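Data file: protein_30.pdb. Format and content: PDB, C-alpha atoms.
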ATOM      1  CA  MET S   1       0.000   0.000   0.000  1.00  0.00           C
ATOM      2  CA  ASN S   2       1.317   3.435  -0.928  1.00  0.00           C
ATOM      3  CA  ILE S   3       1.068   6.327   1.486  1.00  0.00           C
ATOM      4  CA  LYS S   4       0.540   9.663  -0.220  1.00  0.00           C
ATOM      5  CA  THR S   5       0.477  13.120   1.325  1.00  0.00           C
ATOM      6  CA  LYS S   6       0.310  16.662   0.015  1.00  0.00           C
ATOM      7  CA  ILE S   7       1.833  19.671   1.761  1.00  0.00           C
ATOM      8  CA  THR S   8       1.061  23.191   0.599  1.00  0.00           C
ATOM      9  CA  PHE S   9       3.184  26.182   1.554  1.00  0.00           C
ATOM     10  CA  ASN S  10       1.491  29.574   1.056  1.00  0.00           C
ATOM     11  CA  TYR S  11       3.453  32.722   0.230  1.00  0.00           C
ATOM     12  CA  VAL S  12       2.552  36.370  -0.226  1.00  0.00           C
ATOM     13  CA  ASN S  13       3.305  36.273  -3.952  1.00  0.00           C
ATOM     14  CA  ASN S  14       4.348  34.023  -6.824  1.00  0.00           C
ATOM     15  CA  LYS S  15       7.961  35.223  -6.713  1.00  0.00           C
ATOM     16  CA  TYR S  16       8.448  33.827  -3.191  1.00  0.00           C
ATOM     17  CA  ALA S  17       6.776  30.545  -4.124  1.00  0.00           C
ATOM     18  CA  GLU S  18       9.184  30.243  -7.071  1.00  0.00           C
ATOM     19  CA  ILE S  19      12.181  31.014  -4.823  1.00  0.00           C
ATOM     20  CA  ALA S  20      11.143  28.252  -2.436  1.00  0.00           C
ATOM     21  CA  TYR S  21      10.545  25.815  -5.304  1.00  0.00           C
ATOM     22  CA  GLN S  22      13.922  26.493  -6.899  1.00  0.00           C
ATOM     23  CA  SER S  23      15.670  26.220  -3.521  1.00  0.00           C
ATOM     24  CA  LEU S  24      14.025  22.930  -2.569  1.00  0.00           C
ATOM     25  CA  TYR S  25      14.083  21.245  -5.977  1.00  0.00           C
ATOM     26  CA  PRO S  26      17.692  19.947  -6.010  1.00  0.00           C
ATOM     27  CA  ASP S  27      17.332  18.250  -2.634  1.00  0.00           C
ATOM     28  CA  ASN S  28      13.896  16.802  -3.394  1.00  0.00           C
ATOM     29  CA  GLU S  29      14.397  15.533  -6.934  1.00  0.00           C
ATOM     30  CA  GLY S  30      13.260  11.914  -7.063  1.00  0.00           C
ATOM     31  CA  PHE S  31      11.649  12.016  -3.601  1.00  0.00           C
ATOM     32  CA  VAL S  32       9.077  14.806  -3.699  1.00  0.00           C
ATOM     33  CA  GLU S  33       6.920  15.881  -6.620  1.00  0.00           C
ATOM     34  CA  SER S  34       6.502  19.640  -6.370  1.00  0.00           C
ATOM     35  CA  TYR S  35       5.090  22.512  -8.379  1.00  0.00           C
ATOM     36  CA  VAL S  36       4.125  26.157  -7.994  1.00  0.00           C
ATOM     37  CA  ASP S  37       0.440  27.063  -8.173  1.00  0.00           C
ATOM     38  CA  ASP S  38       0.188  30.872  -8.134  1.00  0.00           C
ATOM     39  CA  THR S  39       1.322  31.820  -4.588  1.00  0.00           C
ATOM     40  CA  LYS S  40       1.549  28.233  -3.342  1.00  0.00           C
ATOM     41  CA  LEU S  41       4.264  25.624  -3.394  1.00  0.00           C
ATOM     42  CA  VAL S  42       2.616  22.197  -3.506  1.00  0.00           C
ATOM     43  CA  CYS S  43       4.663  19.140  -2.513  1.00  0.00           C
ATOM     44  CA  ILE S  44       3.474  15.563  -2.930  1.00  0.00           C
ATOM     45  CA  ILE S  45       5.217  12.731  -1.115  1.00  0.00           C
ATOM     46  CA  GLU S  46       4.459   9.102  -1.885  1.00  0.00           C
ATOM     47  CA  ASN S  47       6.114   5.941  -0.587  1.00  0.00           C
ATOM     48  CA  GLU S  48       5.235   2.481   0.694  1.00  0.00           C
ATOM     49  CA  ASN S  49       7.036   3.026   3.994  1.00  0.00           C
ATOM     50  CA  ILE S  50       5.387   5.327   6.563  1.00  0.00           C
ATOM     51  CA  SER S  51       8.749   6.042   8.203  1.00  0.00           C
ATOM     52  CA  THR S  52      10.161   7.261   4.906  1.00  0.00           C
ATOM     53  CA  VAL S  53       7.137   9.507   4.356  1.00  0.00           C
ATOM     54  CA  LEU S  54       7.372  10.972   7.868  1.00  0.00           C
ATOM     55  CA  ASN S  55      11.127  11.561   7.563  1.00  0.00           C
ATOM     56  CA  THR S  56      10.653  13.220   4.191  1.00  0.00           C
ATOM     57  CA  ILE S  57       7.924  15.489   5.598  1.00  0.00           C
ATOM     58  CA  GLU S  58      10.145  16.494   8.513  1.00  0.00           C
ATOM     59  CA  ASP S  59      13.099  17.195   6.211  1.00  0.00           C
ATOM     60  CA  LEU S  60      10.942  19.170   3.786  1.00  0.00           C
ATOM     61  CA  ILE S  61       9.531  21.392   6.533  1.00  0.00           C
ATOM     62  CA  GLN S  62      12.957  22.017   8.067  1.00  0.00           C
ATOM     63  CA  CYS S  63      14.420  22.941   4.673  1.00  0.00           C
ATOM     64  CA  GLU S  64      11.523  25.280   3.929  1.00  0.00           C
ATOM     65  CA  LYS S  65      12.024  26.975   7.307  1.00  0.00           C
ATOM     66  CA  MET S  66      15.672  27.570   6.441  1.00  0.00           C
ATOM     67  CA  ILE S  67      14.688  29.067   3.094  1.00  0.00           C
ATOM     68  CA  GLU S  68      12.304  31.464   4.856  1.00  0.00           C
ATOM     69  CA  MET S  69      14.979  32.509   7.357  1.00  0.00           C
ATOM     70  CA  THR S  70      17.759  32.983   4.816  1.00  0.00           C
ATOM     71  CA  SER S  71      15.830  34.611   1.997  1.00  0.00           C
ATOM     72  CA  GLU S  72      13.369  36.645   4.070  1.00  0.00           C
ATOM     73  CA  ILE S  73      10.301  35.404   2.170  1.00  0.00           C
ATOM     74  CA  LEU S  74       8.023  35.370   5.182  1.00  0.00           C
TER      75      LEU S  74
END

Kindly return the structure encoded in the file as structure tokens.
Amino acid sequence: MNIKTKITFNYVNNKYAEIAYQSLYPDNEGFVESYVDDTKLVCIIENENISTVLNTIEDLIQCEKMIEMTSEIL
């Protein structure tokens, strides 16, 4: 059975969503399907192992927090 989850990060404008996408893409390639939808960054995680999904979610959120802190896209 596959476990699938979607996380959406909301930003004040499309530019910030694109910055986050471009910053996260290299680390997530092959693990997280992501795309920008207007002012949102949508990330989809799918795996058979719940531990892998949870670890990926935790890593994704921590990386996004670092992007916010370093690029001031709050």

message = Calculated over all atoms listed in the file, which of the candidates S:Lys65, S:Val32, S:Ser71, S:Ala20 has the smallest distance to Val53 of chain S?
response =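 Among the listed residues, the smallest separation from Val53 of chain S belongs to S:Val32.
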
request  = In Å, rounded to a single decimal, give me how far atom CA of Gly30 of chain S is from atom CA of Asn13 of chain S.
outcome  =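 So the two atoms, atom CA of Asn13 of chain S and atom CA of Gly30 of chain S, lie 26.5 Å apart.
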
Output of the PyMOL selection byres ((chain S and resi 33) around 7), listed as an NGL selection string = :S and (31-32 or 34 or 43-45)

note = A straight line from atom CA of Glu48 of chain S to atom CA of Asn2 of chain S spans 4.3 Å

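Coordinates place atom CA of Asp37 of chain S at a distance of 26.7 Å from atom CA of Ile50 of chain S.
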
request  = Let me know the residues the PyMOL selection byres ((chain S and resi 17) around 10) catches in the file above, as a PyMOL selection string.
outcome  = chain S and resi 9-16+18-23+35-42+73

Could you put an axis-aligned box around every listed atom of segment 33-48 of chain S, padded by 3 Å on each side, and send me its centre and edge lengths in Å to one decimal, as JSON?
{"center_x": 3.6, "center_y": 17.2, "center_z": -3.8, "size_x": 12.7, "size_y": 35.3, "size_z": 15.1}

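In terms of minimum interatomic distance to Tyr25 of chain S, S:Glu64 ranks closest within S:Glu64, S:Leu54, S:Met1, S:Thr8, counting all atoms listed in the file.
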
Would you mind putting N, CA and C atoms back on segment 47-69 of chain S and writing the result as a PDB file, keeping the file's coordinate frame?
ATOM      1  N   ASN S  47       5.206   7.052  -0.840  1.00  0.00           N
ATOM      2  CA  ASN S  47       6.114   5.941  -0.587  1.00  0.00           C
ATOM      3  C   ASN S  47       5.337   4.825   0.089  1.00  0.00           C
ATOM      4  N   GLU S  48       5.876   3.622   0.039  1.00  0.00           N
ATOM      5  CA  GLU S  48       5.235   2.481   0.694  1.00  0.00           C
ATOM      6  C   GLU S  48       5.526   2.440   2.193  1.00  0.00           C
ATOM      7  N   ASN S  49       6.591   3.095   2.610  1.00  0.00           N
ATOM      8  CA  ASN S  49       7.036   3.026   3.994  1.00  0.00           C
ATOM      9  C   ASN S  49       6.640   4.297   4.746  1.00  0.00           C
ATOM     10  N   ILE S  50       5.847   4.162   5.800  1.00  0.00           N
ATOM     11  CA  ILE S  50       5.387   5.327   6.563  1.00  0.00           C
ATOM     12  C   ILE S  50       6.551   6.077   7.194  1.00  0.00           C
ATOM     13  N   SER S  51       7.582   5.377   7.612  1.00  0.00           N
ATOM     14  CA  SER S  51       8.749   6.042   8.203  1.00  0.00           C
ATOM     15  C   SER S  51       9.444   6.933   7.183  1.00  0.00           C
ATOM     16  N   THR S  52       9.546   6.466   5.968  1.00  0.00           N
ATOM     17  CA  THR S  52      10.161   7.261   4.906  1.00  0.00           C
ATOM     18  C   THR S  52       9.336   8.512   4.636  1.00  0.00           C
ATOM     19  N   VAL S  53       8.021   8.362   4.590  1.00  0.00           N
ATOM     20  CA  VAL S  53       7.137   9.507   4.356  1.00  0.00           C
ATOM     21  C   VAL S  53       7.286  10.519   5.488  1.00  0.00           C
ATOM     22  N   LEU S  54       7.252  10.062   6.725  1.00  0.00           N
ATOM     23  CA  LEU S  54       7.372  10.972   7.868  1.00  0.00           C
ATOM     24  C   LEU S  54       8.726  11.674   7.889  1.00  0.00           C
ATOM     25  N   ASN S  55       9.795  10.953   7.601  1.00  0.00           N
ATOM     26  CA  ASN S  55      11.127  11.561   7.563  1.00  0.00           C
ATOM     27  C   ASN S  55      11.235  12.588   6.442  1.00  0.00           C
ATOM     28  N   THR S  56      10.633  12.292   5.317  1.00  0.00           N
ATOM     29  CA  THR S  56      10.653  13.220   4.191  1.00  0.00           C
ATOM     30  C   THR S  56       9.867  14.485   4.528  1.00  0.00           C
ATOM     31  N   ILE S  57       8.723  14.330   5.174  1.00  0.00           N
ATOM     32  CA  ILE S  57       7.924  15.489   5.598  1.00  0.00           C
ATOM     33  C   ILE S  57       8.731  16.361   6.545  1.00  0.00           C
ATOM     34  N   GLU S  58       9.349  15.743   7.536  1.00  0.00           N
ATOM     35  CA  GLU S  58      10.145  16.494   8.513  1.00  0.00           C
ATOM     36  C   GLU S  58      11.290  17.241   7.824  1.00  0.00           C
ATOM     37  N   ASP S  59      11.991  16.569   6.931  1.00  0.00           N
ATOM     38  CA  ASP S  59      13.099  17.195   6.211  1.00  0.00           C
ATOM     39  C   ASP S  59      12.603  18.347   5.341  1.00  0.00           C
ATOM     40  N   LEU S  60      11.508  18.143   4.648  1.00  0.00           N
ATOM     41  CA  LEU S  60      10.942  19.170   3.786  1.00  0.00           C
ATOM     42  C   LEU S  60      10.587  20.424   4.583  1.00  0.00           C
ATOM     43  N   ILE S  61       9.935  20.248   5.708  1.00  0.00           N
ATOM     44  CA  ILE S  61       9.531  21.392   6.533  1.00  0.00           C
ATOM     45  C   ILE S  61      10.749  22.124   7.090  1.00  0.00           C
ATOM     46  N   GLN S  62      11.743  21.384   7.544  1.00  0.00           N
ATOM     47  CA  GLN S  62      12.957  22.017   8.067  1.00  0.00           C
ATOM     48  C   GLN S  62      13.682  22.807   6.975  1.00  0.00           C
ATOM     49  N   CYS S  63      13.769  22.243   5.788  1.00  0.00           N
ATOM     50  CA  CYS S  63      14.420  22.941   4.673  1.00  0.00           C
ATOM     51  C   CYS S  63      13.647  24.198   4.289  1.00  0.00           C
ATOM     52  N   GLU S  64      12.337  24.117   4.273  1.00  0.00           N
ATOM     53  CA  GLU S  64      11.523  25.280   3.929  1.00  0.00           C
ATOM     54  C   GLU S  64      11.691  26.371   4.985  1.00  0.00           C
ATOM     55  N   LYS S  65      11.788  25.985   6.244  1.00  0.00           N
ATOM     56  CA  LYS S  65      12.024  26.975   7.307  1.00  0.00           C
ATOM     57  C   LYS S  65      13.345  27.697   7.096  1.00  0.00           C
ATOM     58  N   MET S  66      14.370  26.963   6.691  1.00  0.00           N
ATOM     59  CA  MET S  66      15.672  27.570   6.441  1.00  0.00           C
ATOM     60  C   MET S  66      15.610  28.540   5.259  1.00  0.00           C
ATOM     61  N   ILE S  67      14.849  28.175   4.247  1.00  0.00           N
ATOM     62  CA  ILE S  67      14.688  29.067   3.094  1.00  0.00           C
ATOM     63  C   ILE S  67      14.024  30.366   3.538  1.00  0.00           C
ATOM     64  N   GLU S  68      12.989  30.268   4.360  1.00  0.00           N
ATOM     65  CA  GLU S  68      12.304  31.464   4.856  1.00  0.00           C
ATOM     66  C   GLU S  68      13.269  32.347   5.644  1.00  0.00           C
ATOM     67  N   MET S  69      14.077  31.734   6.507  1.00  0.00           N
ATOM     68  CA  MET S  69      14.979  32.509   7.357  1.00  0.00           C
ATOM     69  C   MET S  69      16.104  33.150   6.544  1.00  0.00           C
TER      70      MET S  69
END
